[in-house]
>>> print(open('final-v4.cif').read())   # mmCIF, C-alpha atoms
data_target
#
loop_
_atom_site.group_PDB
_atom_site.id
_atom_site.type_symbol
_atom_site.label_atom_id
_atom_site.label_comp_id
_atom_site.auth_asym_id
_atom_site.auth_seq_id
_atom_site.Cartn_x
_atom_site.Cartn_y
_atom_site.Cartn_z
ATOM 1 C CA MET S 2 -103.980 45.517 18.855
ATOM 2 C CA SER S 3 -103.147 41.941 19.584
ATOM 3 C CA LEU S 4 -100.588 39.604 18.152
ATOM 4 C CA PRO S 5 -103.146 37.211 16.621
ATOM 5 C CA HIS S 6 -104.622 40.092 14.619
ATOM 6 C CA ALA S 7 -101.179 41.226 13.513
ATOM 7 C CA ILE S 8 -100.421 37.687 12.308
ATOM 8 C CA LEU S 9 -103.757 37.388 10.494
ATOM 9 C CA THR S 10 -103.052 40.713 8.786
ATOM 10 C CA ALA S 11 -99.594 39.609 7.668
ATOM 11 C CA LEU S 12 -100.839 36.230 6.414
ATOM 12 C CA LEU S 13 -103.691 37.827 4.475
ATOM 13 C CA GLU S 14 -101.134 40.063 2.805
ATOM 14 C CA LYS S 15 -99.069 37.002 1.877
ATOM 15 C CA PRO S 16 -99.234 33.347 2.992
ATOM 16 C CA SER S 17 -95.942 32.623 4.740
ATOM 17 C CA SER S 18 -93.982 30.101 6.739
ATOM 18 C CA GLY S 19 -93.317 30.885 10.378
ATOM 19 C CA LEU S 20 -89.755 31.904 9.536
ATOM 20 C CA GLU S 21 -90.879 34.206 6.710
ATOM 21 C CA LEU S 22 -93.504 35.684 9.010
ATOM 22 C CA THR S 23 -90.968 36.460 11.743
ATOM 23 C CA ARG S 24 -88.711 38.138 9.174
ATOM 24 C CA ARG S 25 -91.617 40.228 7.892
ATOM 25 C CA PHE S 26 -92.426 41.237 11.465
ATOM 26 C CA ASP S 27 -88.830 42.328 11.930
ATOM 27 C CA ARG S 28 -89.111 44.569 8.851
ATOM 28 C CA SER S 29 -92.603 46.032 9.170
ATOM 29 C CA ILE S 30 -95.333 45.145 11.680
ATOM 30 C CA GLY S 31 -92.743 44.751 14.422
ATOM 31 C CA TYR S 32 -92.037 48.482 14.295
ATOM 32 C CA PHE S 33 -95.380 49.180 15.948
ATOM 33 C CA TRP S 34 -96.263 45.773 17.409
ATOM 34 C CA PRO S 35 -93.010 44.066 18.422
ATOM 35 C CA SER S 36 -93.037 40.340 19.173
ATOM 36 C CA THR S 37 -90.449 37.673 19.660
ATOM 37 C CA HIS S 38 -90.129 34.808 17.220
ATOM 38 C CA GLN S 39 -91.214 32.429 19.984
ATOM 39 C CA GLN S 40 -94.423 34.449 20.549
ATOM 40 C CA ILE S 41 -95.209 34.376 16.825
ATOM 41 C CA TYR S 42 -94.734 30.602 16.555
ATOM 42 C CA ARG S 43 -96.824 30.013 19.685
ATOM 43 C CA GLU S 44 -99.601 32.212 18.289
ATOM 44 C CA LEU S 45 -99.528 30.400 14.922
ATOM 45 C CA GLY S 46 -100.361 27.172 16.779
ATOM 46 C CA LYS S 47 -103.242 28.826 18.619
ATOM 47 C CA LEU S 48 -104.637 30.348 15.418
ATOM 48 C CA GLU S 49 -104.437 26.968 13.689
ATOM 49 C CA ARG S 50 -106.221 25.207 16.578
ATOM 50 C CA ALA S 51 -108.920 27.917 16.528
ATOM 51 C CA GLY S 52 -109.559 27.268 12.821
ATOM 52 C CA HIS S 53 -108.390 30.734 11.736
ATOM 53 C CA ILE S 54 -105.406 29.556 9.694
ATOM 54 C CA ARG S 55 -104.205 26.329 8.150
ATOM 55 C CA VAL S 56 -100.999 24.869 6.857
ATOM 56 C CA LEU S 57 -100.979 24.878 3.064
ATOM 57 C CA PRO S 58 -100.841 21.376 1.642
ATOM 58 C CA THR S 59 -97.563 20.375 -0.013
ATOM 59 C CA ALA S 60 -96.954 17.915 -2.838
ATOM 60 C CA GLN S 61 -94.547 15.797 -0.785
ATOM 61 C CA PRO S 62 -94.643 16.292 2.954
ATOM 62 C CA ALA S 63 -91.170 15.822 4.382
ATOM 63 C CA ARG S 64 -89.882 15.808 7.905
ATOM 64 C CA GLY S 65 -88.485 19.201 8.893
ATOM 65 C CA GLN S 66 -90.145 20.917 5.910
ATOM 66 C CA ARG S 67 -91.267 24.487 6.491
ATOM 67 C CA LYS S 68 -95.005 24.885 6.971
ATOM 68 C CA GLU S 69 -96.608 27.698 5.024
ATOM 69 C CA TYR S 70 -99.776 29.155 6.535
ATOM 70 C CA GLU S 71 -102.808 30.799 4.994
ATOM 71 C CA VAL S 72 -105.840 32.465 6.550
ATOM 72 C CA LEU S 73 -109.157 30.611 6.484
ATOM 73 C CA PRO S 74 -112.544 32.356 6.139
ATOM 74 C CA ALA S 75 -113.030 32.229 9.935
ATOM 75 C CA GLY S 76 -109.734 34.070 10.375
ATOM 76 C CA ARG S 77 -110.732 36.746 7.862
ATOM 77 C CA GLU S 78 -114.066 37.151 9.673
ATOM 78 C CA GLU S 79 -112.268 37.473 13.029
ATOM 79 C CA LEU S 80 -109.951 40.131 11.650
ATOM 80 C CA SER S 81 -112.826 42.038 10.001
ATOM 81 C CA ALA S 82 -114.812 41.995 13.248
ATOM 82 C CA TRP S 83 -111.778 43.235 15.187
ATOM 83 C CA VAL S 84 -111.116 46.061 12.684
ATOM 84 C CA SER S 85 -114.724 47.232 13.148
ATOM 85 C CA LEU S 86 -114.475 47.499 16.954
ATOM 86 C CA ALA S 87 -114.339 50.863 18.671
ATOM 87 C CA GLU S 88 -111.298 51.209 20.911
ATOM 88 C CA ASP S 89 -110.219 54.101 23.101
ATOM 89 C CA PRO S 90 -106.679 55.458 22.812
ATOM 90 C CA ARG S 91 -104.250 53.986 25.306
ATOM 91 C CA PRO S 92 -102.461 56.297 27.709
ATOM 92 C CA VAL S 93 -98.722 56.728 27.274
ATOM 93 C CA ARG S 94 -96.828 54.283 29.444
ATOM 94 C CA ASP S 95 -93.155 55.018 28.979
ATOM 95 C CA PRO S 96 -90.603 54.055 31.644
ATOM 96 C CA LEU S 97 -88.379 57.023 30.726
ATOM 97 C CA LEU S 98 -91.129 59.471 31.708
ATOM 98 C CA LEU S 99 -91.670 57.667 35.002
ATOM 99 C CA ARG S 100 -87.915 57.640 35.680
ATOM 100 C CA MET S 101 -87.803 61.396 35.062
ATOM 101 C CA ARG S 102 -90.647 61.892 37.522
ATOM 102 C CA ALA S 103 -88.788 59.776 40.082
ATOM 103 C CA ALA S 104 -85.591 61.744 39.411
ATOM 104 C CA ALA S 105 -87.461 64.871 40.469
ATOM 105 C CA VAL S 106 -87.785 63.248 43.903
ATOM 106 C CA VAL S 107 -84.521 61.357 44.351
ATOM 107 C CA GLY S 108 -82.243 63.097 41.851
ATOM 108 C CA ALA S 109 -80.429 61.539 38.913
ATOM 109 C CA PRO S 110 -77.052 62.937 37.983
ATOM 110 C CA GLY S 111 -76.833 60.763 34.824
ATOM 111 C CA LEU S 112 -80.268 61.648 33.512
ATOM 112 C CA ALA S 113 -79.068 64.012 30.764
ATOM 113 C CA GLY S 114 -76.795 61.252 29.428
ATOM 114 C CA GLU S 115 -79.702 58.815 29.336
ATOM 115 C CA LEU S 116 -81.839 61.382 27.522
ATOM 116 C CA ARG S 117 -79.041 61.867 24.972
ATOM 117 C CA ARG S 118 -78.888 58.100 24.449
ATOM 118 C CA HIS S 119 -82.645 57.996 23.852
ATOM 119 C CA LEU S 120 -82.337 60.929 21.458
ATOM 120 C CA VAL S 121 -79.757 59.041 19.386
ATOM 121 C CA LEU S 122 -82.015 55.967 19.274
ATOM 122 C CA HIS S 123 -85.063 58.006 18.219
ATOM 123 C CA ARG S 124 -83.060 59.837 15.552
ATOM 124 C CA GLU S 125 -81.867 56.485 14.172
ATOM 125 C CA GLN S 126 -85.433 55.139 14.116
ATOM 126 C CA LEU S 127 -86.674 58.298 12.417
ATOM 127 C CA ALA S 128 -83.962 57.994 9.752
ATOM 128 C CA GLU S 129 -84.945 54.357 9.176
ATOM 129 C CA TYR S 130 -88.635 55.242 8.799
ATOM 130 C CA LEU S 131 -87.813 58.069 6.390
ATOM 131 C CA GLU S 132 -85.715 55.680 4.301
ATOM 132 C CA ILE S 133 -88.588 53.170 4.201
ATOM 133 C CA GLU S 134 -90.921 55.964 3.119
ATOM 134 C CA ARG S 135 -88.540 57.072 0.362
ATOM 135 C CA ARG S 136 -87.999 53.504 -0.849
ATOM 136 C CA ASP S 137 -91.487 51.999 -0.505
ATOM 137 C CA PHE S 138 -93.928 54.878 -0.951
ATOM 138 C CA PRO S 139 -93.161 56.903 -4.059
ATOM 139 C CA PRO S 140 -95.880 59.432 -5.011
ATOM 140 C CA GLU S 141 -97.241 57.168 -7.770
ATOM 141 C CA ARG S 142 -98.314 54.482 -5.257
ATOM 142 C CA THR S 143 -101.912 55.513 -4.707
ATOM 143 C CA ALA S 144 -103.845 52.263 -4.148
ATOM 144 C CA ASP S 145 -105.996 52.298 -0.995
ATOM 145 C CA GLU S 146 -103.903 49.607 0.717
ATOM 146 C CA ASP S 147 -100.725 51.588 -0.065
ATOM 147 C CA ARG S 148 -102.252 54.759 1.381
ATOM 148 C CA LEU S 149 -103.251 52.938 4.570
ATOM 149 C CA ARG S 150 -99.807 51.351 4.982
ATOM 150 C CA HIS S 151 -98.208 54.733 4.345
ATOM 151 C CA LEU S 152 -100.429 56.347 6.981
ATOM 152 C CA VAL S 153 -99.222 53.774 9.527
ATOM 153 C CA LEU S 154 -95.630 54.600 8.590
ATOM 154 C CA ARG S 155 -96.384 58.339 8.798
ATOM 155 C CA GLY S 156 -97.674 57.732 12.328
ATOM 156 C CA GLY S 157 -94.292 56.225 13.209
ATOM 157 C CA ILE S 158 -92.477 59.135 11.548
ATOM 158 C CA ASP S 159 -94.596 61.656 13.435
ATOM 159 C CA LEU S 160 -94.025 59.849 16.754
ATOM 160 C CA GLU S 161 -90.257 59.764 16.252
ATOM 161 C CA THR S 162 -90.333 63.435 15.228
ATOM 162 C CA PHE S 163 -92.179 64.215 18.452
ATOM 163 C CA TRP S 164 -89.677 62.245 20.572
ATOM 164 C CA THR S 165 -86.626 63.823 18.948
ATOM 165 C CA GLY S 166 -88.057 67.316 19.475
ATOM 166 C CA TRP S 167 -89.169 66.632 23.036
ATOM 167 C CA LEU S 168 -85.884 64.990 24.027
ATOM 168 C CA THR S 169 -83.895 67.862 22.522
ATOM 169 C CA ARG S 170 -85.920 70.361 24.585
ATOM 170 C CA ALA S 171 -85.636 68.199 27.725
ATOM 171 C CA ILE S 172 -81.848 67.955 27.376
ATOM 172 C CA ASP S 173 -81.604 71.707 26.781
ATOM 173 C CA ASP S 174 -83.734 72.390 29.871
ATOM 174 C CA LEU S 175 -81.754 69.986 32.077
ATOM 175 C CA THR S 176 -78.336 71.181 30.980
ATOM 176 C CA GLY S 177 -79.245 74.858 30.840
ATOM 177 C CA SER S 178 -78.284 75.128 27.175
ATOM 178 C CA GLY S 179 -81.783 75.975 25.984
ATOM 179 C CA PRO S 180 -84.163 78.848 26.543
ATOM 180 C CA GLY S 181 -85.641 77.182 29.632
ATOM 181 C CA PRO S 182 -89.217 76.277 30.460
ATOM 182 C CA GLY S 183 -91.898 78.766 29.565
ATOM 183 C CA THR S 184 -89.701 80.795 27.249
ATOM 184 C CA GLY S 185 -90.405 78.939 24.018
ATOM 185 C CA SER S 186 -92.434 80.191 21.078
ATOM 186 C CA ARG S 187 -95.697 79.769 22.949
ATOM 187 C CA ALA S 188 -94.731 82.237 25.640
ATOM 188 C CA SER S 189 -93.654 84.786 23.061
ATOM 189 C CA ASP S 190 -96.831 84.235 21.044
ATOM 190 C CA ASP S 191 -98.976 85.037 24.061
ATOM 191 C CA SER S 192 -97.403 88.446 24.637
#
>>> encode(input="final-v4.cif", output="structure tokens")
Amino acid sequence: MSLPHAILTALLEKPSSGLELTRRFDRSIGYFWPSTHQQIYRELGKLERAGHIRVLPTAQPARGQRKEYEVLPAGREELSAWVSLAEDPRPVRDPLLLRMRAAAVVGAPGLAGELRRHLVLHREQLAEYLEIERRDFPPERTADEDRLRHLVLRGGIDLETFWTGWLTRAIDDLTGSGPGPGTGSRASDDS
């Protein structure tokens, strides 16, 4: 996914000023496609120059007035074409995993503490996603766009659930407080 497509998506959902758009990113799209406010503003200029968005006309233009953007037909076509593309999954590229691999070679006495810190962060993110799900996706919301947005959120919930489980096992293995590698449920299921 690219930032221009994320911006087009957000503006098609609701025409917004740059400031409103950055706030919406902070509360939703930014969870899975983070961007700085500066990147968003820079991309708005590029999208406008490309003819994909425009500034909505105002009754009385004033200096320093917020510009509100909307998507033009060319922008909708660009987004539709991008949605239709086939794209392979991207491999995981997480610095923590690489640091663990390096620790196997050079050692890292503080590694368990860093894993615990990551576990806290992933638990907090999971709790936040679950609260968003409870608040924004009650069972009666069944429109197609709601289902698709909920599926994106469920992907985030599932990822955070994976990380909290994996980090818990990794900490247990490193500190010797868990069953150890190869002695989990899989090993017992195979016997």
>>> closest_residue(input="final-v4.cif", among="S:Ile30, S:Ala11, S:Leu97, S:Val56", to="Leu80 in chain S", atoms="all atoms listed in the file")
S:Ala11
>>> residues_near_point(input="final-v4.cif", point="(-106.3, 30.6, 15.5)", cutoff="10 Å", atoms="all atoms listed in the file", output="list in words")
Pro5, His6, Ile8, Leu9, Glu44, Leu45, Gly46, Lys47, Leu48, Glu49, Arg50, Ala51, Gly52, His53, Ile54, Arg55, Val72, Leu73, Ala75, Gly76 and Glu79 of chain S
>>> axis_aligned_box(input="final-v4.cif", around="range 27-44 of chain S", padding_each_side="4 Å", output="lines of an AutoDock Vina configuration file")
center_x = -94.2
center_y = 39.6
center_z = 14.7
size_x = 18.8
size_y = 27.2
size_z = 19.7
>>> residues_around(input="final-v4.cif", residues="Ser3 in chain S", least_positions_apart="4", cutoff="10 Å", atoms="all atoms listed in the file", output="PyMOL selection string")
chain S and resi 7-8+34+83
>>> closest_residue(input="final-v4.cif", among="S:Thr37, S:Thr10, S:Ser17, S:Ser29", to="Glu78 in chain S", atoms="all atoms listed in the file")
S:Thr10
>>> residues_around(input="final-v4.cif", residues="Gly156 in chain S", least_positions_apart="4", cutoff="12 Å", atoms="only C-alpha atoms", output="list in words")
Tyr32, Phe33, Leu127, Tyr130, Leu131, Glu134, Leu149, Arg150, His151, Leu152, Leu160, Glu161, Thr162 and Phe163 of chain S
>>> closest_residue(input="final-v4.cif", among="S:Asp174, S:Arg102, S:Arg43, S:Gly31", to="Leu154 in chain S", atoms="all atoms listed in the file")
S:Gly31
>>> resolve_selection(input="final-v4.cif", expression="the PyMOL selection byres ((chain S and resi 115-120) around 9)", output="ChimeraX atom specification")
/S:97,111-114,121-125,164-166,168-169,171-172
>>> atom_distance(input="final-v4.cif", atom1="CA of Val84 in chain S", atom2="CA of Pro16 in chain S")
19.9 Å
>>> atom_distance(input="final-v4.cif", atom1="CA of Ser85 in chain S", atom2="CA of Leu12 in chain S")
19.0 Å
>>> atom_distance(input="final-v4.cif", atom1="CA of Ala109 in chain S", atom2="CA of Arg91 in chain S")
28.5 Å
>>> resolve_selection(input="final-v4.cif", expression="the PyMOL selection byres ((chain S and resi 57) around 6)", output="number ranges by chain")
S: 56, 58, 69-70
